[in-house]
Amino acid sequence: MAIGWAARWGDRRTGAQEAVKAPPVQVAPHGAYAGTDTCLTCHEDQAASVKKGAHSRAYRAGTPMAPQGCQACHADTKAALGCEACHGPGKDHAEAGGDKTKIKRFAELSPQDASETCVSCHFRTQHALWAGSQHDQRSVGCTTCHSIHHATGEKQLKAEDETALCATCHRTIVNKQFKFNHMPVREDKLSCSSCHNVHGSANVKLLRAGGTVYESCVTCHAEKRGPFLWSTSR
């Protein structure tokens with residue numbers, strides 16, 4: 001009986017874990033795609049996103065412009081999709097003279113729906129715990145902080161740096177950096193992501209390490225961990 005239970009429920013659990021690890025990719029007939037060159041005949045001002053930056057790196061397997069990676073198995077539908085890797089098949093959109101109802105427009109999507117497109121590729125390492133994280137639950141999505149076409153800072157950020165971006169919501173926390181005693185963030189020795197993983201964490205306050213703030217701090221400042229002679233009981 002126990003073996004039967006394990007066989008039945010164990011398979012379901014394994015299947016659920018695989019679903020989390022590998023979100024479903026977008027499926028569409030190859031003939032439904034117009035191609036990046038077609039997109040750029042109208043959207044020349046957006047060309048930088050597929051010619052510069054992280055998404056343009058064809059040598060990196062799995063990027064929108066790469067001929068390999070996910071494309072090793074899905075070559076007929078996933079090779080060098082460029083714009084359509086995120087916006088979906090655009091042939092109908094192009095043939096309809098740019099009909100906006102026939103293409104995925106991120107400006108019209110909810111943060112959660114927009115993030116679904118991003119996590120179809122970004123679901124490993126730092127992004128593995130995004131689903132259900134504090135930001136995800138509060139309707140803060142990938143496009144809340146990042147912009148593919150109009151980035152201002154590094155890593156496609158909408159602000160010039162990480163601190164400025166976080167301050168759009170966490171102003172009271174960022175203002176503490178102007179106190180005499182402060183974390184060395186404004187000296188560029190630390191950033192918000194030095195301690196926090198904003199894409200999801202199993203720890204409190206989205207900390208990268210430690211179940212408490214103290215434990216997080218002593219992962220670097222081991223000399224402060226203790227116990228110390230004067231702190232022990234008599």
# chains A, B, ... in the order shown; residues from 1 in each chain; ligands from 1

call {"tool": "residues_around", "arguments": {"residues": "Met65 in chain A", "least_positions_apart": "4", "cutoff": "10 Å", "atoms": "only C-alpha atoms", "output": "PyMOL selection string"}}
result
chain A and resi 36+50-51+54-61+78-83+85

call {"tool": "residues_around", "arguments": {"residues": "His196 in chain A", "least_positions_apart": "3", "cutoff": "7 Å", "atoms": "only C-alpha atoms", "output": "list in words"}}
result
Cys192, Ser193, Leu206, Leu207 and Arg208 of chain A

call {"tool": "write_last_selection", "arguments": {"atoms": "all heavy atoms", "output": "PDB file, in the first residue's frame"}}
result
ATOM      1  N   CYS A 192      21.807  47.448  -2.470  1.00  0.00           N
ATOM      2  CA  CYS A 192      20.668  46.745  -1.871  1.00  0.00           C
ATOM      3  C   CYS A 192      20.760  45.238  -2.114  1.00  0.00           C
ATOM      4  O   CYS A 192      20.473  44.426  -1.231  1.00  0.00           O
ATOM      5  CB  CYS A 192      19.358  47.281  -2.444  1.00  0.00           C
ATOM      6  SG  CYS A 192      19.145  49.068  -2.244  1.00  0.00           S
ATOM      7  N   SER A 193      21.193  44.863  -3.312  1.00  0.00           N
ATOM      8  CA  SER A 193      21.252  43.447  -3.665  1.00  0.00           C
ATOM      9  C   SER A 193      22.444  42.730  -3.058  1.00  0.00           C
ATOM     10  O   SER A 193      22.579  41.517  -3.224  1.00  0.00           O
ATOM     11  CB  SER A 193      21.265  43.277  -5.184  1.00  0.00           C
ATOM     12  OG  SER A 193      22.408  43.883  -5.746  1.00  0.00           O
ATOM     13  N   LEU A 206      13.664  38.979   2.410  1.00  0.00           N
ATOM     14  CA  LEU A 206      14.335  38.675   1.144  1.00  0.00           C
ATOM     15  C   LEU A 206      15.861  38.662   1.277  1.00  0.00           C
ATOM     16  O   LEU A 206      16.580  38.974   0.323  1.00  0.00           O
ATOM     17  CB  LEU A 206      13.916  39.668   0.058  1.00  0.00           C
ATOM     18  CG  LEU A 206      12.475  39.576  -0.416  1.00  0.00           C
ATOM     19  CD1 LEU A 206      12.165  40.699  -1.408  1.00  0.00           C
ATOM     20  CD2 LEU A 206      12.175  38.223  -1.059  1.00  0.00           C
ATOM     21  N   LEU A 207      16.353  38.276   2.452  1.00  0.00           N
ATOM     22  CA  LEU A 207      17.796  38.228   2.663  1.00  0.00           C
ATOM     23  C   LEU A 207      18.416  37.085   1.872  1.00  0.00           C
ATOM     24  O   LEU A 207      17.832  36.017   1.714  1.00  0.00           O
ATOM     25  CB  LEU A 207      18.104  38.042   4.149  1.00  0.00           C
ATOM     26  CG  LEU A 207      17.748  39.212   5.065  1.00  0.00           C
ATOM     27  CD1 LEU A 207      17.983  38.823   6.518  1.00  0.00           C
ATOM     28  CD2 LEU A 207      18.573  40.447   4.710  1.00  0.00           C
ATOM     29  N   ARG A 208      19.612  37.322   1.384  1.00  0.00           N
ATOM     30  CA  ARG A 208      20.314  36.289   0.632  1.00  0.00           C
ATOM     31  C   ARG A 208      20.773  35.149   1.543  1.00  0.00           C
ATOM     32  O   ARG A 208      20.832  33.988   1.138  1.00  0.00           O
ATOM     33  CB  ARG A 208      21.531  36.880  -0.080  1.00  0.00           C
ATOM     34  CG  ARG A 208      21.172  37.789  -1.239  1.00  0.00           C
ATOM     35  CD  ARG A 208      22.416  38.227  -1.991  1.00  0.00           C
ATOM     36  NE  ARG A 208      22.051  39.029  -3.154  1.00  0.00           N
ATOM     37  CZ  ARG A 208      21.726  38.523  -4.327  1.00  0.00           C
ATOM     38  NH1 ARG A 208      21.718  37.221  -4.498  1.00  0.00           N
ATOM     39  NH2 ARG A 208      21.412  39.312  -5.336  1.00  0.00           N
TER      40      ARG A 208
END

call {"tool": "select_by_dssp", "arguments": {"residues": "chain A", "states": "alpha helix (DSSP H)", "output": "PDB file with C-alpha atoms, in the first residue's frame"}}
result
ATOM      1  CA  ALA A   2       2.823   2.358   0.915  1.00  0.00           C
ATOM      2  CA  ILE A   3       4.521   1.557  -2.354  1.00  0.00           C
ATOM      3  CA  GLY A   4       1.338   2.309  -4.250  1.00  0.00           C
ATOM      4  CA  TRP A   5       0.951   5.654  -2.446  1.00  0.00           C
ATOM      5  CA  ALA A   6       4.528   6.594  -3.249  1.00  0.00           C
ATOM      6  CA  ALA A   7       4.099   5.607  -6.853  1.00  0.00           C
ATOM      7  CA  ARG A   8       0.925   7.653  -7.174  1.00  0.00           C
ATOM      8  CA  TRP A   9       1.784  10.779  -5.202  1.00  0.00           C
ATOM      9  CA  GLY A  10       5.515  10.712  -5.771  1.00  0.00           C
ATOM     10  CA  ASP A  11       4.982  11.079  -9.511  1.00  0.00           C
ATOM     11  CA  ARG A  12       2.664  14.040  -8.932  1.00  0.00           C
ATOM     12  CA  ARG A  13       5.193  15.756  -6.720  1.00  0.00           C
ATOM     13  CA  THR A  14       7.975  15.193  -9.220  1.00  0.00           C
ATOM     14  CA  GLY A  15       5.767  16.548 -11.987  1.00  0.00           C
ATOM     15  CA  ALA A  16       4.956  19.647  -9.927  1.00  0.00           C
ATOM     16  CA  GLN A  17       8.635  20.266  -9.246  1.00  0.00           C
ATOM     17  CA  GLU A  18       9.448  19.979 -12.946  1.00  0.00           C
ATOM     18  CA  ALA A  19       6.687  22.484 -13.738  1.00  0.00           C
ATOM     19  CA  VAL A  20       8.270  25.003 -11.353  1.00  0.00           C
ATOM     20  CA  LYS A  21      11.743  24.457 -12.755  1.00  0.00           C
ATOM     21  CA  THR A  36      13.060  40.460 -36.426  1.00  0.00           C
ATOM     22  CA  ASP A  37      13.889  42.219 -39.701  1.00  0.00           C
ATOM     23  CA  THR A  38      10.169  42.624 -40.403  1.00  0.00           C
ATOM     24  CA  CYS A  39       9.580  44.052 -36.925  1.00  0.00           C
ATOM     25  CA  LEU A  40      12.353  46.610 -37.349  1.00  0.00           C
ATOM     26  CA  THR A  41      10.945  47.987 -40.596  1.00  0.00           C
ATOM     27  CA  CYS A  42       8.402  49.810 -38.413  1.00  0.00           C
ATOM     28  CA  ALA A  48      18.946  48.553 -29.824  1.00  0.00           C
ATOM     29  CA  SER A  49      17.236  45.903 -27.699  1.00  0.00           C
ATOM     30  CA  VAL A  50      18.135  43.169 -30.209  1.00  0.00           C
ATOM     31  CA  LYS A  51      21.463  44.662 -31.302  1.00  0.00           C
ATOM     32  CA  ALA A  75      14.863  24.871 -33.595  1.00  0.00           C
ATOM     33  CA  ASP A  76      11.834  25.155 -35.861  1.00  0.00           C
ATOM     34  CA  THR A  77      10.032  27.575 -33.572  1.00  0.00           C
ATOM     35  CA  LYS A  78      12.594  29.008 -31.162  1.00  0.00           C
ATOM     36  CA  GLU A  84       8.920  37.721 -31.005  1.00  0.00           C
ATOM     37  CA  ALA A  85      10.603  35.756 -28.248  1.00  0.00           C
ATOM     38  CA  CYS A  86       8.852  38.127 -25.843  1.00  0.00           C
ATOM     39  CA  HIS A  87       6.052  39.707 -27.874  1.00  0.00           C
ATOM     40  CA  LYS A  91       3.027  37.853 -38.597  1.00  0.00           C
ATOM     41  CA  ASP A  92      -0.680  38.629 -38.178  1.00  0.00           C
ATOM     42  CA  HIS A  93       0.214  41.918 -36.497  1.00  0.00           C
ATOM     43  CA  ALA A  94       2.487  42.922 -39.386  1.00  0.00           C
ATOM     44  CA  GLU A  95       0.085  41.841 -42.119  1.00  0.00           C
ATOM     45  CA  PRO A 111       2.707  42.891 -13.624  1.00  0.00           C
ATOM     46  CA  GLN A 112       2.054  39.195 -13.023  1.00  0.00           C
ATOM     47  CA  ASP A 113       1.171  38.496 -16.666  1.00  0.00           C
ATOM     48  CA  ALA A 114       4.215  40.396 -17.907  1.00  0.00           C
ATOM     49  CA  SER A 115       6.434  38.456 -15.511  1.00  0.00           C
ATOM     50  CA  GLU A 116       5.115  35.173 -16.888  1.00  0.00           C
ATOM     51  CA  THR A 117       6.881  35.954 -20.153  1.00  0.00           C
ATOM     52  CA  CYS A 118      10.141  36.830 -18.394  1.00  0.00           C
ATOM     53  CA  GLN A 134       6.975  39.224  -1.511  1.00  0.00           C
ATOM     54  CA  HIS A 135       7.293  41.366  -4.612  1.00  0.00           C
ATOM     55  CA  ASP A 136       5.262  38.987  -6.755  1.00  0.00           C
ATOM     56  CA  GLN A 137       2.446  38.942  -4.186  1.00  0.00           C
ATOM     57  CA  CYS A 142       9.718  42.313 -13.759  1.00  0.00           C
ATOM     58  CA  THR A 143       8.592  45.301 -15.833  1.00  0.00           C
ATOM     59  CA  THR A 144       8.069  47.369 -12.670  1.00  0.00           C
ATOM     60  CA  CYS A 145      11.831  47.633 -12.291  1.00  0.00           C
ATOM     61  CA  GLU A 162      19.941  50.199  -7.901  1.00  0.00           C
ATOM     62  CA  THR A 163      19.540  52.529  -4.921  1.00  0.00           C
ATOM     63  CA  ALA A 164      17.485  55.035  -6.881  1.00  0.00           C
ATOM     64  CA  LEU A 165      15.270  52.250  -8.166  1.00  0.00           C
ATOM     65  CA  CYS A 166      14.612  50.753  -4.734  1.00  0.00           C
ATOM     66  CA  ALA A 167      13.920  54.235  -3.368  1.00  0.00           C
ATOM     67  CA  ARG A 171      12.158  55.729   0.417  1.00  0.00           C
ATOM     68  CA  THR A 172      12.249  55.581   4.224  1.00  0.00           C
ATOM     69  CA  ILE A 173      14.871  52.830   4.126  1.00  0.00           C
ATOM     70  CA  VAL A 174      17.038  54.546   1.535  1.00  0.00           C
ATOM     71  CA  ASN A 175      16.891  57.823   3.467  1.00  0.00           C
ATOM     72  CA  CYS A 192      20.668  46.745  -1.871  1.00  0.00           C
ATOM     73  CA  SER A 193      21.252  43.447  -3.665  1.00  0.00           C
ATOM     74  CA  SER A 194      24.408  42.795  -1.645  1.00  0.00           C
ATOM     75  CA  CYS A 195      22.151  41.630   1.170  1.00  0.00           C
ATOM     76  CA  VAL A 213      19.191  40.133  10.051  1.00  0.00           C
ATOM     77  CA  TYR A 214      21.936  39.327  12.558  1.00  0.00           C
ATOM     78  CA  GLU A 215      22.770  36.063  10.828  1.00  0.00           C
ATOM     79  CA  SER A 216      22.885  37.860   7.507  1.00  0.00           C
ATOM     80  CA  CYS A 217      25.351  40.434   8.822  1.00  0.00           C
ATOM     81  CA  VAL A 218      27.741  37.926  10.385  1.00  0.00           C
TER      82      VAL A 218
END

call {"tool": "atom_distance", "arguments": {"atom1": "CA of Asn181 in chain A", "atom2": "CA of Leu229 in chain A"}}
result
26.3 Å

call {"tool": "atom_distance", "arguments": {"atom1": "CA of His150 in chain A", "atom2": "CA of Lys52 in chain A"}}
result
12.4 Å

call {"tool": "atom_distance", "arguments": {"atom1": "CA of Ser110 in chain A", "atom2": "CA of Thr63 in chain A"}}
result
23.7 Å

call {"tool": "residues_around", "arguments": {"residues": "Lys155 in chain A", "least_positions_apart": "2", "cutoff": "9 Å", "atoms": "only C-alpha atoms", "output": "MDAnalysis selection string"}}
result
chainID A and resid 53:54 146 151 153 157

call {"tool": "residues_around", "arguments": {"residues": "Pro89 in chain A", "least_positions_apart": "5", "cutoff": "7 Å", "atoms": "only C-alpha atoms", "output": "list of chain:residue names"}}
result
A:Ala32, A:Tyr33, A:Ala34, A:Glu84

call {"tool": "write_last_selection", "arguments": {"atoms": "N, CA and C atoms", "output": "PDB file, in the first residue's frame"}}
result
ATOM      1  N   ALA A  32       3.827  31.483 -38.075  1.00  0.00           N
ATOM      2  CA  ALA A  32       3.142  32.606 -37.447  1.00  0.00           C
ATOM      3  C   ALA A  32       4.099  33.738 -37.097  1.00  0.00           C
ATOM      4  N   TYR A  33       5.414  33.476 -37.250  1.00  0.00           N
ATOM      5  CA  TYR A  33       6.406  34.483 -36.903  1.00  0.00           C
ATOM      6  C   TYR A  33       6.793  35.311 -38.124  1.00  0.00           C
ATOM      7  N   ALA A  34       6.985  36.603 -37.897  1.00  0.00           N
ATOM      8  CA  ALA A  34       7.345  37.495 -39.005  1.00  0.00           C
ATOM      9  C   ALA A  34       8.849  37.636 -39.155  1.00  0.00           C
ATOM     10  N   GLU A  84      10.062  38.615 -31.215  1.00  0.00           N
ATOM     11  CA  GLU A  84       8.920  37.721 -31.005  1.00  0.00           C
ATOM     12  C   GLU A  84       9.137  36.701 -29.903  1.00  0.00           C
TER      13      GLU A  84
END

call {"tool": "select_by_dssp", "arguments": {"residues": "range 5-231 of chain A", "states": "strand (DSSP E or B)", "output": "VMD selection string"}}
result
chain A and resid 146 157 196 207
